[in-house]
$ cat target_35.cif   # mmCIF, C-alpha atoms and all ligand atoms
data_model
#
loop_
_atom_site.label_atom_id
_atom_site.label_comp_id
_atom_site.auth_asym_id
_atom_site.auth_seq_id
_atom_site.Cartn_x
_atom_site.Cartn_y
_atom_site.Cartn_z
CA MET A 1 43.07 -39.40 -12.22
CA GLN A 2 44.25 -39.24 -8.63
CA GLU A 3 47.85 -39.56 -7.50
CA GLU A 4 49.28 -43.01 -7.17
CA THR A 5 49.29 -44.66 -3.76
CA ILE A 6 51.43 -46.94 -1.67
CA PHE A 7 49.81 -49.86 -3.47
CA ASP A 8 51.46 -48.85 -6.76
CA LYS A 9 54.79 -49.03 -4.93
CA ILE A 10 53.91 -52.52 -3.73
CA ILE A 11 53.02 -53.54 -7.29
CA ARG A 12 56.42 -52.25 -8.48
CA ARG A 13 58.17 -53.94 -5.51
CA GLU A 14 59.48 -50.57 -4.33
CA ILE A 15 58.24 -51.25 -0.83
CA PRO A 16 57.99 -54.69 0.75
CA ALA A 17 54.79 -56.62 1.15
CA GLU A 18 54.02 -60.24 1.78
CA ILE A 19 52.66 -61.15 -1.63
CA ILE A 20 50.43 -64.21 -1.63
CA TYR A 21 48.91 -64.04 -5.12
CA GLU A 22 49.81 -62.59 -8.48
CA SER A 23 48.37 -62.73 -11.98
CA ASP A 24 48.56 -60.40 -14.96
CA ASP A 25 45.80 -58.22 -13.55
CA VAL A 26 45.70 -58.84 -9.80
CA LEU A 27 48.05 -58.68 -6.83
CA GLY A 28 47.23 -60.14 -3.41
CA PHE A 29 49.24 -59.35 -0.28
CA LYS A 30 48.89 -59.52 3.49
CA ASP A 31 47.36 -56.50 5.20
CA ILE A 32 49.92 -54.71 7.34
CA ASN A 33 47.37 -54.22 10.13
CA PRO A 34 45.40 -57.48 10.16
CA GLN A 35 41.87 -57.46 11.54
CA ALA A 36 41.53 -61.25 11.50
CA PRO A 37 43.89 -64.25 11.60
CA VAL A 38 43.82 -64.15 7.80
CA HIS A 39 43.62 -60.66 6.29
CA VAL A 40 44.81 -60.08 2.77
CA LEU A 41 44.06 -57.47 0.13
CA PHE A 42 43.42 -58.18 -3.55
CA ILE A 43 44.01 -55.21 -5.82
CA PRO A 44 43.84 -54.63 -9.56
CA LYS A 45 47.24 -53.72 -10.96
CA LYS A 46 45.49 -50.96 -12.88
CA ARG A 47 44.67 -48.22 -10.40
CA ILE A 48 40.99 -47.45 -9.99
CA PRO A 49 40.69 -45.01 -7.05
CA THR A 50 37.22 -45.97 -5.79
CA VAL A 51 34.24 -48.04 -6.86
CA ASN A 52 32.75 -44.75 -8.08
CA ASP A 53 35.52 -44.60 -10.68
CA MET A 54 34.84 -48.04 -12.12
CA ARG A 55 34.01 -48.06 -15.79
CA ASP A 56 31.91 -50.71 -17.48
CA GLU A 57 35.06 -52.11 -19.10
CA ASP A 58 36.59 -52.65 -15.63
CA ALA A 59 33.97 -55.28 -14.75
CA GLU A 60 36.10 -58.27 -15.72
CA ARG A 61 39.19 -56.84 -14.05
CA VAL A 62 37.33 -56.29 -10.79
CA GLY A 63 35.61 -59.66 -11.11
CA LYS A 64 39.06 -61.22 -11.09
CA LEU A 65 39.58 -59.94 -7.53
CA PHE A 66 36.73 -62.23 -6.47
CA LEU A 67 38.10 -65.17 -8.42
CA ALA A 68 41.46 -64.64 -6.72
CA ALA A 69 39.70 -64.56 -3.35
CA ARG A 70 37.83 -67.76 -4.18
CA ASP A 71 41.06 -69.55 -5.07
CA TYR A 72 42.88 -68.22 -2.02
CA ALA A 73 40.06 -69.35 0.29
CA ARG A 74 40.43 -72.87 -1.04
CA GLN A 75 44.23 -72.69 -0.84
CA VAL A 76 44.28 -71.70 2.85
CA GLY A 77 41.37 -74.00 3.68
CA VAL A 78 38.76 -71.49 4.83
CA ASP A 79 36.33 -71.95 1.94
CA GLU A 80 34.00 -74.20 3.95
CA ASP A 81 34.14 -72.28 7.26
CA GLY A 82 33.74 -69.02 5.38
CA TYR A 83 35.23 -65.60 5.11
CA ARG A 84 34.31 -61.98 4.56
CA LEU A 85 35.02 -59.85 1.49
CA VAL A 86 34.82 -56.08 1.92
CA MET A 87 35.45 -53.15 -0.37
CA ASN A 88 35.24 -49.75 1.30
CA CYS A 89 34.39 -46.55 -0.57
CA ASN A 90 35.29 -43.01 0.43
CA GLU A 91 34.84 -41.44 3.85
CA HIS A 92 31.74 -43.13 5.20
CA GLY A 93 33.03 -46.47 3.97
CA GLN A 94 36.35 -45.72 5.72
CA GLN A 95 38.43 -46.14 2.59
CA THR A 96 41.94 -44.93 3.41
CA VAL A 97 43.85 -45.96 0.27
CA PRO A 98 42.39 -44.63 -3.00
CA HIS A 99 43.20 -47.72 -5.07
CA ILE A 100 40.34 -50.19 -4.88
CA HIS A 101 41.09 -53.30 -2.84
CA LEU A 102 39.08 -56.30 -1.80
CA HIS A 103 39.66 -57.15 1.87
CA PHE A 104 39.69 -60.91 2.50
CA LEU A 105 39.11 -61.66 6.20
CA ALA A 106 38.99 -65.15 7.67
CA GLY A 107 39.97 -67.36 10.57
CA ARG A 108 37.46 -66.12 13.13
CA GLN A 109 33.72 -65.60 13.47
CA MET A 110 32.77 -62.30 11.85
CA LEU A 111 30.06 -60.10 13.33
CA TRP A 112 27.14 -58.43 11.64
CA PRO A 113 26.26 -55.59 11.46
CA PRO A 114 29.76 -54.11 11.22
CA GLY A 115 30.51 -51.08 13.39
P1 LIG A 201 40.84 -49.27 3.53
O1 LIG A 201 40.72 -48.63 4.88
O2 LIG A 201 39.66 -50.08 3.12
O3 LIG A 201 41.27 -48.27 2.48
O4 LIG A 201 42.02 -50.34 3.67
C1 LIG A 201 43.36 -50.04 3.47
C2 LIG A 201 44.12 -51.19 4.05
O5 LIG A 201 45.47 -51.12 3.58
C3 LIG A 201 44.20 -51.17 5.58
O6 LIG A 201 43.62 -52.36 6.09
C4 LIG A 201 45.69 -51.06 5.87
O7 LIG A 201 46.08 -51.79 6.99
C5 LIG A 201 46.30 -51.60 4.58
N1 LIG A 201 47.65 -51.13 4.29
C6 LIG A 201 48.08 -49.85 4.27
N2 LIG A 201 49.38 -49.81 3.93
C7 LIG A 201 49.76 -51.09 3.72
C8 LIG A 201 51.00 -51.70 3.34
N3 LIG A 201 52.11 -51.00 3.12
N4 LIG A 201 51.03 -53.05 3.24
C9 LIG A 201 49.92 -53.79 3.47
N5 LIG A 201 48.73 -53.27 3.81
C10 LIG A 201 48.67 -51.94 3.93
#

$ encode --input "target_35.cif" --output "structure tokens"
Amino acid sequence: MQEETIFDKIIRREIPAEIIYESDDVLGFKDINPQAPVHVLFIPKKRIPTVNDMRDEDAERVGKLFLAARDYARQVGVDEDGYRLVMNCNEHGQQTVPHIHLHFLAGRQMLWPPG
């Protein structure tokens, strides 16, 4: 298992973050370097470094990231206009923090394909 990351410190409230969602399994907080008017990250409280490290028994835990995103979209009123959910993996995916996180991006027109 890899070393813990800055996200574990956010979970333990050792470093500040603007927390917008919390449940037993999931934490949601604003991205420090937002790429859209709304940019938050949903993370499992249990550290899973990358999607490659997911076990079958993590499926429900990871599914809860999407349910949190669904509820947050409704809460901030972007569910109808839409939003983008992204989970990066390793170098080519440009994952920089090895603790899986679901990016929630909204508030502007997204482009496809991504760069
Ligand atoms: P990724 O490149 O997919 O691994 O995304 C990592 C994200 O974490 C980036 O969008 C960063 O801006 C964000 N990030 C890094 N440190 C913090 C922090 N202390 N608080 C909030 N977001 C952070």

$ closest_residue --input "target_35.cif" --among "A:Ala106, A:Ala59, A:Leu111, A:Val38" --to "A:Arg84" --atoms "all atoms listed in the file"
A:Ala106

$ residues_around --input "target_35.cif" --residues "A:Gln109" --least-positions-apart "5" --cutoff "12 Å" --atoms "only C-alpha atoms" --output "list in words"
Gln35, Ala36, Pro37, Val38, Val78, Asp81, Gly82, Tyr83 and Arg84 of chain A

$ write_last_selection --input "target_35.cif" --atoms "C-alpha atoms" --output "compact mmCIF listing (two decimals), in the coordinates of the input"
# COMPACT_ATOMS: atom_id res chain seq x y z
CA GLN A 35 41.87 -57.46 11.54
CA ALA A 36 41.53 -61.25 11.50
CA PRO A 37 43.89 -64.25 11.60
CA VAL A 38 43.82 -64.15 7.80
CA VAL A 78 38.76 -71.49 4.83
CA ASP A 81 34.14 -72.28 7.26
CA GLY A 82 33.74 -69.02 5.38
CA TYR A 83 35.23 -65.60 5.11
CA ARG A 84 34.31 -61.98 4.56

$ closest_residue --input "target_35.cif" --among "A:Asp58, A:Glu22, A:Glu4, A:Asp31" --to "A:Tyr72" --atoms "all atoms listed in the file"
A:Glu22

$ residues_around --input "target_35.cif" --residues "A:Phe104" --least-positions-apart "3" --cutoff "6 Å" --atoms "only C-alpha atoms" --output "compact mmCIF listing (two decimals) with C-alpha atoms, in the frame of the given file"
# COMPACT_ATOMS: atom_id res chain seq x y z
CA HIS A 39 43.62 -60.66 6.29
CA VAL A 40 44.81 -60.08 2.77
CA ARG A 84 34.31 -61.98 4.56
CA LEU A 85 35.02 -59.85 1.49

$ residues_near_ligand --input "target_35.cif" --ligand "ligand LIG 201 (chain A)" --cutoff "9 Å" --atoms "all atoms listed in the file" --output "PyMOL selection string"
chain A and resi 6-7+9-10+15-18+29-35+39-41+86-90+93-103

$ closest_residue --input "target_35.cif" --among "A:Asp8, A:Phe66, A:Asp71, A:Glu60" --to "A:Lys46" --atoms "all atoms listed in the file"
A:Asp8

$ atom_distance --input "target_35.cif" --atom1 "atom CA of A:Glu80" --atom2 "atom CA of A:Ala68"
16.2 Å

$ atom_distance --input "target_35.cif" --atom1 "atom CA of A:Arg70" --atom2 "atom CA of A:Gln2"
29.6 Å

$ atom_distance --input "target_35.cif" --atom1 "atom CA of A:Arg74" --atom2 "atom CA of A:Pro114"
24.8 Å

$ closest_residue --input "target_35.cif" --among "A:Leu105, A:Ile20, A:Val76, A:Val26" --to "A:Arg61" --atoms "only C-alpha atoms"
A:Val26

$ build_atoms --input "target_35.cif" --residues "stretch 64-89 of chain A" --atoms "N, CA and C atoms" --output "tab-separated table (two decimals), in the coordinates of the input"
chain	number	residue	atom	x	y	z
A	64	LYS	N	37.90	-60.35	-11.35
A	64	LYS	CA	39.06	-61.22	-11.09
A	64	LYS	C	39.54	-61.13	-9.64
A	65	LEU	N	39.23	-60.03	-8.96
A	65	LEU	CA	39.58	-59.94	-7.53
A	65	LEU	C	38.81	-61.02	-6.77
A	66	PHE	N	37.56	-61.21	-7.14
A	66	PHE	CA	36.73	-62.23	-6.47
A	66	PHE	C	37.19	-63.64	-6.81
A	67	LEU	N	37.60	-63.84	-8.06
A	67	LEU	CA	38.10	-65.17	-8.42
A	67	LEU	C	39.39	-65.47	-7.67
A	68	ALA	N	40.23	-64.45	-7.49
A	68	ALA	CA	41.46	-64.64	-6.72
A	68	ALA	C	41.12	-64.97	-5.27
A	69	ALA	N	40.13	-64.29	-4.72
A	69	ALA	CA	39.70	-64.56	-3.35
A	69	ALA	C	39.14	-65.97	-3.22
A	70	ARG	N	38.37	-66.38	-4.18
A	70	ARG	CA	37.83	-67.76	-4.18
A	70	ARG	C	38.96	-68.79	-4.16
A	71	ASP	N	39.96	-68.60	-5.01
A	71	ASP	CA	41.06	-69.55	-5.07
A	71	ASP	C	41.88	-69.53	-3.79
A	72	TYR	N	42.07	-68.34	-3.24
A	72	TYR	CA	42.88	-68.22	-2.02
A	72	TYR	C	42.16	-68.89	-0.85
A	73	ALA	N	40.84	-68.73	-0.78
A	73	ALA	CA	40.06	-69.35	0.29
A	73	ALA	C	40.26	-70.86	0.29
A	74	ARG	N	40.23	-71.42	-0.90
A	74	ARG	CA	40.43	-72.87	-1.04
A	74	ARG	C	41.86	-73.24	-0.65
A	75	GLN	N	42.80	-72.42	-1.09
A	75	GLN	CA	44.23	-72.69	-0.84
A	75	GLN	C	44.54	-72.70	0.65
A	76	VAL	N	43.97	-71.76	1.41
A	76	VAL	CA	44.28	-71.70	2.85
A	76	VAL	C	43.24	-72.46	3.68
A	77	GLY	N	42.28	-73.09	2.99
A	77	GLY	CA	41.37	-74.00	3.68
A	77	GLY	C	40.29	-73.35	4.51
A	78	VAL	N	39.84	-72.15	4.10
A	78	VAL	CA	38.76	-71.49	4.83
A	78	VAL	C	37.48	-71.42	4.00
A	79	ASP	N	37.49	-72.06	2.83
A	79	ASP	CA	36.33	-71.95	1.94
A	79	ASP	C	35.07	-72.52	2.59
A	80	GLU	N	35.19	-73.60	3.34
A	80	GLU	CA	34.00	-74.20	3.95
A	80	GLU	C	33.55	-73.42	5.19
A	81	ASP	N	34.51	-73.06	6.06
A	81	ASP	CA	34.14	-72.28	7.26
A	81	ASP	C	33.61	-70.91	6.88
A	82	GLY	N	34.22	-70.31	5.87
A	82	GLY	CA	33.74	-69.02	5.38
A	82	GLY	C	34.71	-67.89	5.63
A	83	TYR	N	34.35	-66.77	5.08
A	83	TYR	CA	35.23	-65.60	5.11
A	83	TYR	C	34.40	-64.38	4.76
A	84	ARG	N	35.01	-63.22	4.91
A	84	ARG	CA	34.31	-61.98	4.56
A	84	ARG	C	35.11	-61.21	3.52
A	85	LEU	N	34.42	-60.70	2.51
A	85	LEU	CA	35.02	-59.85	1.49
A	85	LEU	C	34.41	-58.46	1.64
A	86	VAL	N	35.28	-57.46	1.69
A	86	VAL	CA	34.82	-56.08	1.92
A	86	VAL	C	35.55	-55.15	0.97
A	87	MET	N	34.81	-54.22	0.38
A	87	MET	CA	35.45	-53.15	-0.37
A	87	MET	C	34.87	-51.83	0.12
A	88	ASN	N	35.69	-51.02	0.74
A	88	ASN	CA	35.24	-49.75	1.30
A	88	ASN	C	35.28	-48.66	0.24
A	89	CYS	N	34.40	-47.68	0.38
A	89	CYS	CA	34.39	-46.55	-0.57
A	89	CYS	C	34.27	-45.22	0.16
